[in-house]
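Data block below; observations after.
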Amino acid sequence: MNLKKCGICDEEKDNGIFIYHMYICEACEKKIVTTDVDNKEYQLFVEKLKGINQTYTI
Ligand SMILES: [Zn+2]
């Protein structure tokens, strides 16, 4: 098990994915893919991603 800190919920989880160099736990990933674009949580995610999106383009 290798705990990593999720960039969205700031919790340490052992299963998740990397989007560029930000780790996103499984729960947050599911939340993101099922969340409507107009949803505030989605906007929050986009804001977080912007922070790591200075050298990459989605
Ligand atoms: Zn998370």
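FYI, nothing fancy with the structure tokens labels: chains A, B, ... in order, residues from 1 per chain, ligands from 1 as they appear.
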Throw together the list of residues within 8 Å of ligand 1, counting only C-alpha atoms and all ligand atoms, and drop it here as a PyMOL selection string.
-> chain A and resi 5-13+24-29
Please, what distance in Å, to one decimal, runs between atom CA of A:Asp14 and atom CA of A:Lys30?
->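 These atoms are spaced 15.1 Å apart.
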Please, which residues of chain A, numbered as in this document, come out alpha helix (DSSP H) from DSSP, as a VMD selection string?
-> chain A and resid 26 to 34 40 to 52
Any chance you could list, as a PyMOL selection string, the residues in chain A that come up strand (DSSP E) when DSSP is run on the backbone?
-> chain A and resi 4-5+12-13+16-19+22-25
Writer output for current selection, N, CA and C atoms, as an mmCIF file, in the first residue's frame:
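To be explicit, this is the file written out as selection.cif:
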data_model
loop_
_atom_site.group_PDB
_atom_site.id
_atom_site.type_symbol
_atom_site.label_atom_id
_atom_site.label_comp_id
_atom_site.auth_asym_id
_atom_site.auth_seq_id
_atom_site.Cartn_x
_atom_site.Cartn_y
_atom_site.Cartn_z
ATOM 1 N N LYS A 4 -1.089 8.170 -0.882
ATOM 2 C CA LYS A 4 -0.745 9.460 -1.476
ATOM 3 C C LYS A 4 -1.851 10.442 -1.144
ATOM 4 N N LYS A 5 -1.483 11.692 -1.059
ATOM 5 C CA LYS A 5 -2.455 12.706 -0.702
ATOM 6 C C LYS A 5 -3.210 13.177 -1.940
ATOM 7 N N GLU A 12 -5.433 11.134 2.443
ATOM 8 C CA GLU A 12 -4.459 10.173 1.940
ATOM 9 C C GLU A 12 -5.152 8.868 1.594
ATOM 10 N N LYS A 13 -5.056 8.493 0.329
ATOM 11 C CA LYS A 13 -5.728 7.294 -0.170
ATOM 12 C C LYS A 13 -4.728 6.404 -0.879
ATOM 13 N N GLY A 16 -5.951 5.527 -6.612
ATOM 14 C CA GLY A 16 -6.309 6.743 -7.318
ATOM 15 C C GLY A 16 -5.503 6.854 -8.596
ATOM 16 N N ILE A 17 -5.647 7.986 -9.243
ATOM 17 C CA ILE A 17 -4.961 8.192 -10.516
ATOM 18 C C ILE A 17 -4.177 9.495 -10.461
ATOM 19 N N PHE A 18 -3.244 9.626 -11.384
ATOM 20 C CA PHE A 18 -2.535 10.891 -11.543
ATOM 21 C C PHE A 18 -3.063 11.606 -12.770
ATOM 22 N N ILE A 19 -3.433 12.860 -12.585
ATOM 23 C CA ILE A 19 -3.693 13.711 -13.733
ATOM 24 C C ILE A 19 -2.528 14.685 -13.756
ATOM 25 N N MET A 22 -0.795 15.690 -10.391
ATOM 26 C CA MET A 22 -1.697 15.763 -9.244
ATOM 27 C C MET A 22 -2.379 14.420 -9.042
ATOM 28 N N TYR A 23 -2.319 13.948 -7.811
ATOM 29 C CA TYR A 23 -2.951 12.677 -7.471
ATOM 30 C C TYR A 23 -4.414 12.906 -7.123
ATOM 31 N N ILE A 24 -5.275 12.078 -7.678
ATOM 32 C CA ILE A 24 -6.706 12.181 -7.402
ATOM 33 C C ILE A 24 -7.211 10.813 -6.974
ATOM 34 N N CYS A 25 -7.824 10.752 -5.802
ATOM 35 C CA CYS A 25 -8.282 9.469 -5.285
ATOM 36 C C CYS A 25 -9.492 8.975 -6.085
#
